[in-house]
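Source file: final.txt; contents: compact mmCIF, C-alpha atoms and all ligand atoms.
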# COMPACT_ATOMS: atom_id res chain seq x y z
CA MET H 1 15.82 -15.85 36.36
CA GLU H 2 15.77 -19.63 35.82
CA LEU H 3 13.87 -20.63 32.73
CA PRO H 4 13.91 -23.98 30.95
CA ALA H 5 15.90 -23.79 27.73
CA LEU H 6 14.50 -24.28 24.26
CA TYR H 7 17.54 -25.18 22.13
CA LEU H 8 17.70 -24.34 18.44
CA LYS H 9 19.46 -26.48 15.88
CA ARG H 10 22.67 -25.26 14.31
CA ASN H 11 22.20 -22.05 12.27
CA GLU H 12 18.50 -21.86 13.06
CA ASP H 13 19.13 -18.72 15.11
CA ALA H 14 19.76 -16.60 12.00
CA ARG H 15 16.17 -15.50 11.41
CA LEU H 16 15.73 -14.52 15.06
CA ARG H 17 18.98 -12.58 15.00
CA ALA H 18 17.76 -10.80 11.85
CA GLY H 19 14.73 -9.57 13.79
CA HIS H 20 12.00 -12.17 13.34
CA LEU H 21 10.29 -13.45 16.48
CA TRP H 22 9.16 -16.93 15.50
CA VAL H 23 10.76 -20.33 15.97
CA PHE H 24 9.31 -23.05 13.75
CA SER H 25 9.03 -26.54 15.17
CA ASN H 26 11.59 -28.02 12.74
CA GLU H 27 14.19 -25.53 13.99
CA VAL H 28 14.08 -26.83 17.55
CA ASP H 29 16.78 -29.26 18.68
CA VAL H 30 14.28 -31.77 20.04
CA ALA H 31 17.04 -34.14 21.15
CA ARG H 32 18.19 -31.53 23.69
CA SER H 33 14.78 -29.97 24.38
CA PRO H 34 11.86 -32.23 23.43
CA LEU H 35 8.83 -30.08 22.67
CA GLY H 36 6.53 -32.51 24.45
CA ALA H 37 8.25 -31.68 27.73
CA PHE H 38 6.86 -28.12 27.72
CA GLU H 39 3.44 -26.96 28.82
CA PRO H 40 1.51 -25.02 26.16
CA GLY H 41 2.46 -21.37 26.58
CA GLN H 42 5.28 -21.96 29.04
CA ALA H 43 7.99 -19.29 29.27
CA VAL H 44 11.41 -20.44 28.01
CA ALA H 45 14.91 -19.18 27.35
CA ILE H 46 15.51 -19.53 23.61
CA VAL H 47 19.10 -20.69 23.24
CA ASP H 48 21.24 -21.22 20.13
CA TYR H 49 23.25 -24.38 19.37
CA ARG H 50 26.36 -22.85 20.94
CA ASP H 51 24.43 -22.41 24.21
CA LYS H 52 24.19 -18.65 23.72
CA PRO H 53 20.84 -17.32 24.91
CA ILE H 54 18.85 -15.25 22.40
CA GLY H 55 16.04 -14.18 24.67
CA VAL H 56 12.87 -15.00 26.55
CA GLY H 57 9.91 -16.40 24.70
CA TYR H 58 7.00 -18.71 25.12
CA VAL H 59 6.52 -22.10 23.63
CA ASN H 60 3.65 -23.89 22.05
CA PRO H 61 4.45 -27.56 21.58
CA ASN H 62 1.37 -28.19 19.38
CA SER H 63 1.82 -25.44 16.82
CA LEU H 64 3.95 -25.08 13.69
CA ILE H 65 5.22 -21.88 15.33
CA ALA H 66 6.83 -23.66 18.28
CA ALA H 67 7.93 -20.51 20.10
CA ARG H 68 7.71 -16.73 19.92
CA LEU H 69 10.40 -14.41 21.19
CA VAL H 70 9.11 -11.73 23.53
CA SER H 71 12.29 -10.14 24.83
CA ARG H 72 15.95 -10.21 23.75
CA GLY H 73 18.40 -11.17 26.48
CA LEU H 74 17.37 -12.89 29.68
CA ASP H 75 16.85 -9.85 31.89
CA HIS H 76 13.10 -9.55 31.54
CA ALA H 77 10.55 -12.10 32.65
CA LEU H 78 7.32 -12.50 30.78
CA ASP H 79 5.13 -10.81 33.34
CA ARG H 80 2.82 -7.94 34.11
CA SER H 81 5.65 -5.48 34.44
CA LEU H 82 6.96 -6.23 30.92
CA ILE H 83 3.43 -5.98 29.52
CA VAL H 84 2.88 -2.61 31.24
CA HIS H 85 6.16 -1.42 29.72
CA ARG H 86 5.17 -2.58 26.22
CA LEU H 87 1.67 -1.08 26.58
CA ASN H 88 3.15 2.30 27.49
CA ILE H 89 5.45 2.24 24.46
CA ALA H 90 2.52 1.28 22.21
CA LEU H 91 0.33 3.96 23.78
CA ALA H 92 2.93 6.70 23.23
CA LEU H 93 2.79 6.11 19.46
CA ARG H 94 -1.01 6.13 19.28
CA GLU H 95 -1.33 9.23 21.44
CA GLN H 96 0.99 11.02 19.08
CA LEU H 97 -0.92 9.82 15.99
CA TYR H 98 -4.52 10.37 17.08
CA PRO H 99 -6.28 13.16 18.97
CA GLN H 100 -8.86 10.79 20.43
CA PRO H 101 -8.46 7.39 22.15
CA TYR H 102 -9.82 5.33 19.24
CA TYR H 103 -7.23 3.08 17.62
CA ARG H 104 -5.45 -0.27 17.58
CA LEU H 105 -3.40 0.00 20.73
CA VAL H 106 -1.43 -3.23 20.36
CA TYR H 107 -0.68 -4.98 17.09
CA GLY H 108 0.94 -8.24 18.18
CA GLU H 109 4.52 -8.89 17.12
CA SER H 110 4.94 -5.32 15.83
CA ASP H 111 4.37 -3.98 19.35
CA GLY H 112 6.50 -6.60 21.09
CA LEU H 113 3.50 -8.60 22.32
CA PRO H 114 3.30 -11.60 19.96
CA GLY H 115 -0.15 -13.13 19.76
CA LEU H 116 -1.99 -10.18 21.32
CA VAL H 117 -4.22 -7.55 19.69
CA LEU H 118 -5.90 -4.74 21.63
CA ASP H 119 -8.28 -2.23 20.05
CA ARG H 120 -9.33 0.83 22.03
CA PHE H 121 -12.79 2.36 21.80
CA GLY H 122 -12.54 5.28 24.21
CA ASP H 123 -12.99 3.77 27.68
CA VAL H 124 -13.53 0.24 26.30
CA VAL H 125 -10.80 -2.16 25.17
CA VAL H 126 -11.40 -5.24 23.02
CA GLY H 127 -8.63 -7.84 23.02
CA GLN H 128 -7.83 -10.87 20.91
CA ILE H 129 -5.43 -13.57 22.00
CA ALA H 130 -4.09 -15.93 19.35
CA THR H 131 -1.58 -18.07 21.26
CA ALA H 132 -1.31 -20.29 24.32
CA GLY H 133 1.54 -18.14 25.63
CA MET H 134 -0.64 -15.04 25.70
CA GLU H 135 -3.64 -16.98 27.02
CA ARG H 136 -1.54 -18.01 30.01
CA LEU H 137 -0.76 -14.33 30.60
CA LYS H 138 -4.40 -13.25 30.35
CA ASP H 139 -4.67 -12.15 34.00
CA ALA H 140 -1.39 -10.26 33.77
CA ILE H 141 -2.56 -8.57 30.54
CA THR H 142 -5.87 -7.65 32.18
CA ASP H 143 -4.05 -6.15 35.19
CA ALA H 144 -1.66 -4.28 32.90
CA VAL H 145 -4.49 -2.84 30.76
CA VAL H 146 -6.38 -1.77 33.89
CA LYS H 147 -3.25 -0.14 35.31
CA VAL H 148 -2.35 1.74 32.12
CA LEU H 149 -5.82 2.71 30.80
CA LYS H 150 -8.35 2.22 33.61
CA PRO H 151 -10.99 1.13 31.08
CA ARG H 152 -14.69 0.82 31.82
CA GLN H 153 -14.67 -2.58 30.13
CA LEU H 154 -12.17 -5.03 28.69
CA TRP H 155 -13.70 -7.59 26.35
CA TRP H 156 -12.01 -10.76 25.14
CA LYS H 157 -12.96 -11.65 21.57
CA ASN H 158 -11.11 -14.92 21.53
CA ASP H 159 -13.00 -16.66 18.73
CA SER H 160 -10.47 -16.75 15.93
CA SER H 161 -10.09 -20.11 14.19
CA ILE H 162 -6.28 -19.88 14.54
CA ARG H 163 -6.80 -20.64 18.23
CA THR H 164 -7.65 -24.24 17.38
CA MET H 165 -4.07 -24.70 16.12
CA GLU H 166 -2.93 -23.76 19.62
CA GLN H 167 -5.61 -26.02 21.14
CA LEU H 168 -7.32 -23.06 22.78
CA PRO H 169 -11.09 -22.79 23.28
CA GLU H 170 -13.06 -20.16 21.34
CA TYR H 171 -15.10 -17.67 23.36
CA ALA H 172 -16.11 -14.03 23.58
CA ASP H 173 -16.84 -12.44 26.96
CA LEU H 174 -16.25 -9.56 29.31
CA GLY H 175 -12.85 -9.79 31.02
CA HIS H 176 -13.05 -6.72 33.25
CA GLY H 177 -15.79 -4.25 34.24
CA GLU H 178 -19.57 -4.46 34.27
CA TYR H 179 -21.85 -5.54 31.46
CA GLY H 180 -23.91 -2.84 29.80
CA GLY H 181 -23.59 0.41 27.91
CA GLU H 182 -22.77 0.81 24.25
CA VAL H 183 -19.35 0.51 22.66
CA VAL H 184 -18.60 3.20 20.10
CA ALA H 185 -15.84 3.55 17.50
CA ARG H 186 -15.07 7.10 16.38
CA GLU H 187 -13.65 7.80 12.97
CA GLY H 188 -13.59 11.10 11.17
CA ASP H 189 -16.38 13.00 12.91
CA LEU H 190 -18.58 9.92 12.96
CA GLU H 191 -19.66 7.45 15.61
CA PHE H 192 -20.24 3.77 14.93
CA VAL H 193 -21.86 1.54 17.53
CA ILE H 194 -19.98 -1.75 17.50
CA ASP H 195 -20.63 -5.17 19.01
CA PRO H 196 -17.55 -6.57 20.75
CA VAL H 197 -19.13 -10.02 21.06
CA GLY H 198 -21.15 -10.58 17.88
CA GLY H 199 -19.19 -8.37 15.45
CA GLN H 200 -16.32 -9.09 13.07
CA LYS H 201 -12.87 -9.41 14.70
CA THR H 202 -12.70 -6.79 17.51
CA GLY H 203 -15.86 -5.13 16.17
CA TRP H 204 -14.22 -2.48 13.98
CA PHE H 205 -11.56 -2.20 11.27
CA TYR H 206 -9.30 0.65 12.29
CA ASP H 207 -6.79 -0.53 9.68
CA GLN H 208 -8.73 1.27 6.89
CA ARG H 209 -9.15 4.63 8.67
CA GLU H 210 -6.45 6.55 6.78
CA ASN H 211 -7.57 4.91 3.53
CA ARG H 212 -11.14 6.06 4.13
CA ASP H 213 -9.74 9.58 4.64
CA GLN H 214 -8.91 9.45 0.91
CA LEU H 215 -12.63 9.67 0.15
CA ALA H 216 -12.65 13.37 1.10
CA ARG H 217 -11.48 14.50 -2.35
CA LEU H 218 -13.24 11.81 -4.36
CA VAL H 219 -16.91 11.66 -3.42
CA LYS H 220 -18.47 15.14 -3.23
CA GLY H 221 -21.80 15.08 -5.10
CA LYS H 222 -21.13 11.50 -6.29
CA ARG H 223 -23.05 8.22 -6.18
CA VAL H 224 -21.06 5.76 -4.08
CA LEU H 225 -21.35 1.98 -3.80
CA ASP H 226 -19.73 0.38 -0.72
CA MET H 227 -19.42 -3.40 -1.19
CA PHE H 228 -18.77 -5.70 1.82
CA SER H 229 -19.72 -2.68 3.89
CA TYR H 230 -19.92 -4.29 7.38
CA LEU H 231 -21.00 -1.34 9.61
CA GLY H 232 -20.69 1.17 6.76
CA GLY H 233 -17.20 2.45 7.51
CA TRP H 234 -16.46 3.49 3.93
CA GLY H 235 -20.02 4.36 2.97
CA LEU H 236 -20.82 6.59 5.94
CA ARG H 237 -17.48 8.35 5.68
CA ALA H 238 -18.33 8.99 2.00
CA ALA H 239 -21.76 10.37 2.94
CA ALA H 240 -20.14 12.64 5.53
CA TYR H 241 -17.77 13.94 2.83
CA GLY H 242 -20.76 14.97 0.72
CA ALA H 243 -21.64 12.00 -1.50
CA SER H 244 -25.11 12.57 -2.98
CA GLU H 245 -26.16 8.94 -2.52
CA VAL H 246 -24.52 5.94 -0.86
CA VAL H 247 -25.48 2.27 -1.08
CA CYS H 248 -23.88 -0.16 1.39
CA VAL H 249 -24.06 -3.89 0.62
CA ASP H 250 -23.24 -6.72 3.02
CA ALA H 251 -24.32 -10.36 3.37
CA SER H 252 -24.87 -10.06 7.13
CA ALA H 253 -28.33 -8.96 8.30
CA ALA H 254 -26.90 -7.73 11.61
CA ALA H 255 -24.31 -5.60 9.78
CA VAL H 256 -26.96 -4.10 7.49
CA GLU H 257 -29.22 -3.19 10.42
CA ALA H 258 -26.31 -1.69 12.33
CA THR H 259 -25.33 0.35 9.27
CA GLN H 260 -28.83 1.80 9.07
CA ARG H 261 -28.76 2.68 12.78
CA ASN H 262 -25.31 4.22 12.45
CA ALA H 263 -26.46 6.28 9.46
CA GLU H 264 -29.35 7.63 11.55
CA ARG H 265 -27.12 8.30 14.54
CA ASN H 266 -24.84 10.45 12.38
CA GLY H 267 -27.66 12.27 10.56
CA LEU H 268 -26.82 10.63 7.22
CA ALA H 269 -29.81 8.32 6.80
CA GLU H 270 -31.38 10.35 3.99
CA ARG H 271 -28.45 9.66 1.69
CA VAL H 272 -27.52 6.13 2.84
CA THR H 273 -29.23 2.84 1.98
CA ALA H 274 -28.02 -0.49 3.37
CA ILE H 275 -28.87 -3.68 1.49
CA ARG H 276 -28.43 -7.29 2.50
CA ALA H 277 -27.09 -9.26 -0.46
CA ASP H 278 -24.27 -11.41 -1.71
CA ALA H 279 -21.77 -8.98 -3.22
CA PHE H 280 -21.15 -10.94 -6.41
CA ASP H 281 -24.87 -11.51 -7.04
CA HIS H 282 -25.67 -7.88 -6.31
CA LEU H 283 -23.00 -6.56 -8.67
CA LYS H 284 -24.26 -8.86 -11.43
CA ALA H 285 -27.82 -7.64 -10.87
CA LEU H 286 -26.67 -4.01 -11.03
CA ARG H 287 -24.79 -4.76 -14.23
CA GLU H 288 -27.87 -6.35 -15.81
CA ALA H 289 -29.96 -3.35 -14.73
CA ARG H 290 -27.32 -0.98 -16.17
CA GLU H 291 -27.02 0.85 -12.87
CA ARG H 292 -23.95 3.06 -12.57
CA TYR H 293 -22.01 4.54 -9.64
CA ASP H 294 -19.29 7.19 -9.70
CA VAL H 295 -17.28 5.54 -6.94
CA VAL H 296 -17.23 1.79 -6.22
CA ILE H 297 -15.47 0.48 -3.09
CA LEU H 298 -14.51 -3.19 -2.83
CA ASP H 299 -13.29 -4.12 0.66
CA PRO H 300 -13.99 -7.86 0.97
CA PRO H 301 -12.96 -10.37 3.64
CA ALA H 302 -9.70 -12.23 3.00
CA PHE H 303 -10.16 -14.45 -0.07
CA ILE H 304 -6.78 -16.14 0.51
CA LYS H 305 -6.50 -17.49 4.02
CA ARG H 306 -3.80 -20.05 3.24
CA LYS H 307 -1.01 -19.90 0.70
CA LYS H 308 -2.40 -22.82 -1.25
CA ASP H 309 -5.60 -20.84 -1.96
CA PHE H 310 -3.66 -18.22 -3.90
CA LYS H 311 -4.80 -19.17 -7.41
CA GLU H 312 -8.48 -19.33 -6.61
CA GLY H 313 -8.36 -16.30 -4.33
CA SER H 314 -6.49 -14.04 -6.70
CA LEU H 315 -9.01 -14.93 -9.41
CA ALA H 316 -11.80 -13.91 -7.03
CA TYR H 317 -10.13 -10.50 -6.51
CA ARG H 318 -9.87 -10.06 -10.28
CA ARG H 319 -13.50 -11.11 -10.89
CA LEU H 320 -14.66 -8.72 -8.21
CA ALA H 321 -12.67 -5.85 -9.71
CA GLU H 322 -14.17 -6.58 -13.15
CA LEU H 323 -17.69 -6.56 -11.73
CA GLY H 324 -16.88 -3.31 -9.96
CA MET H 325 -15.69 -1.72 -13.21
CA GLN H 326 -18.85 -2.86 -14.97
CA VAL H 327 -21.05 -0.80 -12.66
CA LEU H 328 -18.82 2.30 -12.79
CA SER H 329 -19.84 5.39 -14.69
CA LYS H 330 -17.65 6.50 -17.59
CA ASP H 331 -14.92 8.29 -15.65
CA GLY H 332 -15.25 6.55 -12.32
CA ILE H 333 -13.22 5.73 -9.24
CA LEU H 334 -12.62 2.15 -8.13
CA VAL H 335 -11.23 1.40 -4.68
CA THR H 336 -10.11 -2.19 -4.35
CA CYS H 337 -8.52 -3.78 -1.28
CA SER H 338 -7.18 -7.08 0.00
CA CYS H 339 -6.48 -7.93 3.63
CA SER H 340 -4.88 -11.29 2.69
CA HIS H 341 -1.23 -11.42 3.61
CA HIS H 342 -0.86 -14.05 0.88
CA MET H 343 -2.10 -11.68 -1.85
CA PRO H 344 0.93 -9.67 -2.99
CA ARG H 345 0.39 -5.97 -3.58
CA ALA H 346 1.51 -6.26 -7.21
CA ALA H 347 -0.80 -9.21 -7.90
CA LEU H 348 -3.84 -7.19 -6.80
CA LEU H 349 -2.97 -4.47 -9.31
CA ASP H 350 -2.19 -7.03 -12.05
CA GLY H 351 -5.66 -8.50 -11.60
CA VAL H 352 -7.27 -5.08 -12.01
CA GLN H 353 -5.21 -4.39 -15.12
CA GLN H 354 -6.08 -7.78 -16.67
CA GLY H 355 -9.73 -7.16 -15.88
CA ALA H 356 -9.53 -3.71 -17.43
CA ARG H 357 -8.07 -5.07 -20.68
CA HIS H 358 -10.71 -7.80 -20.75
CA LEU H 359 -13.41 -5.11 -20.52
CA ASP H 360 -11.52 -2.76 -22.85
CA ARG H 361 -10.96 -0.12 -20.16
CA GLN H 362 -8.01 1.98 -19.19
CA VAL H 363 -6.90 2.29 -15.57
CA GLN H 364 -4.86 4.95 -13.81
CA MET H 365 -3.56 4.07 -10.36
CA LEU H 366 -3.89 7.19 -8.21
CA VAL H 367 -3.11 6.10 -4.66
CA SER H 368 -1.65 2.96 -3.13
CA LEU H 369 -3.27 2.01 0.18
CA GLN H 370 -1.89 0.22 3.22
CA GLN H 371 -2.87 -0.45 6.83
CA GLY H 372 -2.81 2.59 9.10
CA PRO H 373 0.15 3.42 11.36
CA ASP H 374 -1.61 2.03 14.43
CA HIS H 375 -0.92 -1.34 12.71
CA PRO H 376 2.83 -0.84 12.32
CA VAL H 377 4.65 -3.28 10.04
CA HIS H 378 7.55 -5.23 11.55
CA PRO H 379 10.14 -5.13 8.74
CA ALA H 380 11.51 -8.57 9.62
CA ILE H 381 8.04 -10.18 9.76
CA PRO H 382 6.31 -9.99 6.38
CA GLU H 383 3.17 -11.50 7.95
CA THR H 384 2.56 -8.19 9.76
CA ASP H 385 2.11 -6.39 6.40
CA TYR H 386 -1.28 -7.60 5.21
CA LEU H 387 -3.52 -4.78 3.98
CA LYS H 388 -3.12 -3.43 0.50
CA GLY H 389 -5.34 -1.55 -1.88
CA TYR H 390 -5.58 1.00 -4.65
CA VAL H 391 -7.56 4.05 -5.60
CA LEU H 392 -7.96 3.79 -9.37
CA ARG H 393 -9.49 5.90 -12.09
CA VAL H 394 -11.24 3.85 -14.76
CA LEU H 395 -11.68 5.29 -18.26
CA PRO H 396 -12.94 3.90 -21.55
CA ALA H 397 -10.02 2.51 -23.61
N1 LIG A 401 -15.46 -2.96 4.44
C1 LIG A 401 -15.63 -3.20 5.86
C2 LIG A 401 -14.95 -4.46 6.33
C3 LIG A 401 -15.38 -5.67 5.60
S1 LIG A 401 -15.30 -7.12 6.55
C4 LIG A 401 -15.11 -2.04 6.66
O1 LIG A 401 -14.57 -1.11 6.08
O2 LIG A 401 -15.25 -2.04 7.88
C5 LIG A 401 -16.04 -8.22 5.45
C6 LIG A 401 -17.53 -8.08 5.36
O3 LIG A 401 -17.92 -8.80 4.22
C7 LIG A 401 -18.31 -8.66 6.52
O4 LIG A 401 -19.16 -7.69 7.04
C8 LIG A 401 -19.11 -9.83 5.91
O5 LIG A 401 -20.42 -9.93 6.45
C9 LIG A 401 -19.16 -9.44 4.47
N2 LIG A 401 -19.26 -10.51 3.49
C10 LIG A 401 -18.58 -11.68 3.47
N3 LIG A 401 -18.87 -12.36 2.34
C11 LIG A 401 -19.77 -11.62 1.66
C12 LIG A 401 -20.43 -11.75 0.39
N4 LIG A 401 -20.24 -12.84 -0.37
N5 LIG A 401 -21.24 -10.77 -0.01
C13 LIG A 401 -21.42 -9.65 0.75
N6 LIG A 401 -20.83 -9.47 1.93
C14 LIG A 401 -20.00 -10.43 2.38
Take the structure in the file and give it back as structure tokens.
Ligand code: SAH
Amino acid sequence: MELPALYLKRNEDARLRAGHLWVFSNEVDVARSPLGAFEPGQAVAIVDYRDKPIGVGYVNPNSLIAARLVSRGLDHALDRSLIVHRLNIALALREQLYPQPYYRLVYGESDGLPGLVLDRFGDVVVGQIATAGMERLKDAITDAVVKVLKPRQLWWKNDSSIRTMEQLPEYADLGHGEYGGEVVAREGDLEFVIDPVGGQKTGWFYDQRENRDQLARLVKGKRVLDMFSYLGGWGLRAAAYGASEVVCVDASAAAVEATQRNAERNGLAERVTAIRADAFDHLKALREARERYDVVILDPPAFIKRKKDFKEGSLAYRRLAELGMQVLSKDGILVTCSCSHHMPRAALLDGVQQGARHLDRQVQMLVSLQQGPDHPVHPAIPETDYLKGYVLRVLPA
């Protein structure tokens, strides 16, 4: 296989040899292989300064991440056959983990397909492409998905803002199959109708499934408040586990309506209310009204999107936790989460503890939460480990 070479500078092969898959633009020997000479997404042989090949990857001349390694050695081309192979390996894990075909099937770098996410909703697949290299392979990916899964539909939800860094257009549309029919996520014994075009990310957050399972032993007969509820993942699971009353709060009118419909669909509407409100405003109003809940769940969007937002973002997590504690009953349960890679696990707990001291409360950390195993962490790529959270008991001091 003849591929153009992307040469690394001296010693810049160490991270790749340690298992990472990214080449940053300042690590490329641009005298030997000028980045401007490559097409966005073009397949390359990544070669060290001693001319030893490391593997096959794809390049993006316009991005800080100038190349991503897809395969070690030069035996495998970046084509449909490699994608089919990787899909089958990814599928084997998920089929072992889950009795039903509802899961994240491909989690980018961790599944050997950098820049690609595929979520499976029974006979529907929703994909997200983040890089020019994967965009170039879109037809091959579509063919591979059709070959391996024979889905009714494959949707592309390619509207993430990171695509602009790769100079890719943002769009969401059907990539295979016919329009029509509903798309349903199953979790626990519940069904959630999702919107692969207008929803958040792929339409559903499978990453919290195992964390929501924790509710089973926490919510029976309790009043539960689900903040940033989206389609009611946490709240409806709580209602199904026997919560006496559940309130879901989200700023999006579409999410609130969908939550109500999902509650009805699952026979939980009597115990579930969905409210459209800003989470911070709503918590303040509840505090003023001296409303109390036994279990408060805080699962917000990422407050820290870039490293430089850490200070402001971590303060927002702490403020939110304090507000949550202020609407908890005396011996209550607080679930707090962060999906920001840039928010360290320990910092999230520190914020809760500081908030607790400020309010003169005592906190016991019961369970530490992480993304589910259909989002496997790549140990050499810290960026793949993003979701963290805690189940906490909050007592008077
Ligand atoms: N907890 C959800 C996922 C949350 S995604 C789940 O388990 O599936 C983040 C959600 O927060 C989105 O639905 C978004 O509409 C909502 N949101 C963002 N900012 C908000 C705010 N200030 N107040 C309330 N909801 C907000």
Would you mind listing, for every residue of chain H within 7 Å of ligand LIG 401 (chain A), the two atoms forming the shortest contact and the distance between them in Å to one decimal, using only C-alpha atoms and all ligand atoms, sorted by chain and ascending residue number, as a Markdown table?
| residue | atom | partner | partner_atom | distance |
| --- | --- | --- | --- | --- |
| H:Gln200 | CA | A:LIG401 | O4 | 6.8 |
| H:Trp204 | CA | A:LIG401 | O2 | 6.2 |
| H:Phe205 | CA | A:LIG401 | O2 | 5.0 |
| H:Gln208 | CA | A:LIG401 | O1 | 6.4 |
| H:Met227 | CA | A:LIG401 | C13 | 6.8 |
| H:Phe228 | CA | A:LIG401 | O3 | 4.0 |
| H:Ser229 | CA | A:LIG401 | N1 | 4.3 |
| H:Tyr230 | CA | A:LIG401 | O4 | 3.5 |
| H:Leu231 | CA | A:LIG401 | O2 | 6.0 |
| H:Gly232 | CA | A:LIG401 | O2 | 6.4 |
| H:Gly233 | CA | A:LIG401 | O1 | 4.7 |
| H:Trp234 | CA | A:LIG401 | O1 | 5.4 |
| H:Val249 | CA | A:LIG401 | C13 | 6.3 |
| H:Asp250 | CA | A:LIG401 | N6 | 3.8 |
| H:Ala251 | CA | A:LIG401 | N6 | 3.9 |
| H:Ser252 | CA | A:LIG401 | O5 | 4.5 |
| H:Ala255 | CA | A:LIG401 | O4 | 6.2 |
| H:Ala277 | CA | A:LIG401 | C13 | 5.8 |
| H:Asp278 | CA | A:LIG401 | N5 | 3.5 |
| H:Ala279 | CA | A:LIG401 | N5 | 3.7 |
| H:Phe280 | CA | A:LIG401 | N4 | 6.4 |
| H:Asp299 | CA | A:LIG401 | N1 | 4.5 |
| H:Pro300 | CA | A:LIG401 | C5 | 4.9 |
| H:Pro301 | CA | A:LIG401 | C5 | 4.2 |
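Here the question is which of H:Asn262, H:Asn211, H:Ser161, H:Gln100 gets nearest to Leu190 of chain H using all atoms listed in the file, and that residue is H:Asn262.
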With 6 Å added on each side, what axis-aligned box encloses every listed atom of segment 272-287 of chain H? Give the centre and edge lengths in Å to one decimal, as JSON.
{"center_x": -25.2, "center_y": -2.7, "center_z": -5.4, "size_x": 20.1, "size_y": 29.6, "size_z": 29.6}
Two-atom distance - atom CA of Gly73 of chain H, atom CA of Asp374 of chain H (Å):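 Going from atom CA of Gly73 of chain H over to atom CA of Asp374 of chain H, I get 26.8 Å.
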Set the distance at 7 Å and use only C-alpha atoms: which residues neighbour Leu21 of chain H once local chain neighbours fewer than 3 positions away are removed? I'd like the list as a compact mmCIF listing (two decimals) with C-alpha atoms, in the frame of the given file.
# COMPACT_ATOMS: atom_id res chain seq x y z
CA LEU H 16 15.73 -14.52 15.06
CA ARG H 68 7.71 -16.73 19.92
CA LEU H 69 10.40 -14.41 21.19
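Using all atoms listed in the file for every distance, the candidate list H:Gln96, H:Thr336, H:Ser81, H:Ser71 yields H:Ser71 as the residue closest to Leu113 of chain H.
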Among listed residues H:Gln153, H:Ser368, H:Thr202, H:Asn62, nearest Val117 of chain H (using all atoms listed in the file):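 Of H:Gln153, H:Ser368, H:Thr202, H:Asn62, the one nearest Val117 of chain H, counting all atoms listed in the file, is H:Thr202.
The shell of residues at most 7 Å from His341 of chain H, with all atoms listed in the file counted and near chain neighbours (fewer than 4 positions) removed, consists of Glu383, Asp385 and Tyr386 of chain H.
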Which of H:Leu349, H:Leu6, H:Val247, H:Ala263 sits closest to Ala31 of chain H [using only C-alpha atoms]: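 For Ala31 of chain H, the nearest of the candidates is H:Leu6.
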Top pick for closest residue to Leu369 of chain H, considering H:Gln354, H:Thr384, H:Thr273, H:Gln214 and counting only C-alpha atoms: H:Gln214
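Using only C-alpha atoms, the contacts of Leu218 of chain H at a cut-off of 10 Å, with sequence neighbours closer than 3 positions omitted, comprise Asp213, Gln214, Leu215, Gly221, Lys222, Val224, Ala238, Tyr241, Gly242, Ala243, Asp294, Val295, Gly332, Ile333 and Val391 of chain H.
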Contact residues around segment 322-331 of chain H with only C-alpha atoms at 6 Å, ignoring same-chain residues under 4 positions, as a PyMOL selection string: chain H and resi 287+292-294+355+394-395
Which of H:Pro196, H:Gly19, H:Gly177, H:Pro99 sits closest to Arg152 of chain H [using only C-alpha atoms]: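 Of H:Pro196, H:Gly19, H:Gly177, H:Pro99, the one nearest Arg152 of chain H is H:Gly177, counting only C-alpha atoms.
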Neighbour list for Gln370 of chain H as a PyMOL selection string, cut-off 7 Å, all atoms listed in the file, skip fewer than 2 positions in-chain: chain H and resi 368+372+387-389
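Note that the spacing between atom CA of Ala302 of chain H and atom CA of Arg393 of chain H amounts to 23.6 Å.
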Sphere at (-1.6, -4.5, -4.6), radius 8 Å, counting only C-alpha atoms: residues as an MDAnalysis selection string: chainID H and resid 337:338 343:350 368 388:390
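Straight-line separation from atom CA of Tyr206 of chain H to atom CA of Ile65 of chain H: 27.0 Å.
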Point (-11.8, -2.1, 32.8), cut-off 8 Å, counting only C-alpha atoms, residues as a PyMOL selection string: chain H and resi 123-125+145-146+149-154+175-177
Writing out the chosen residues with C-alpha atoms as a PDB file, in the coordinates of the input:
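The resulting file, result16.pdb, is shown below:
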ATOM      1  CA  ASP H 123     -12.990   3.770  27.680  1.00  0.00           C
ATOM      2  CA  VAL H 124     -13.530   0.240  26.300  1.00  0.00           C
ATOM      3  CA  VAL H 125     -10.800  -2.160  25.170  1.00  0.00           C
ATOM      4  CA  VAL H 145      -4.490  -2.840  30.760  1.00  0.00           C
ATOM      5  CA  VAL H 146      -6.380  -1.770  33.890  1.00  0.00           C
ATOM      6  CA  LEU H 149      -5.820   2.710  30.800  1.00  0.00           C
ATOM      7  CA  LYS H 150      -8.350   2.220  33.610  1.00  0.00           C
ATOM      8  CA  PRO H 151     -10.990   1.130  31.080  1.00  0.00           C
ATOM      9  CA  ARG H 152     -14.690   0.820  31.820  1.00  0.00           C
ATOM     10  CA  GLN H 153     -14.670  -2.580  30.130  1.00  0.00           C
ATOM     11  CA  LEU H 154     -12.170  -5.030  28.690  1.00  0.00           C
ATOM     12  CA  GLY H 175     -12.850  -9.790  31.020  1.00  0.00           C
ATOM     13  CA  HIS H 176     -13.050  -6.720  33.250  1.00  0.00           C
ATOM     14  CA  GLY H 177     -15.790  -4.250  34.240  1.00  0.00           C
TER      15      GLY H 177
END
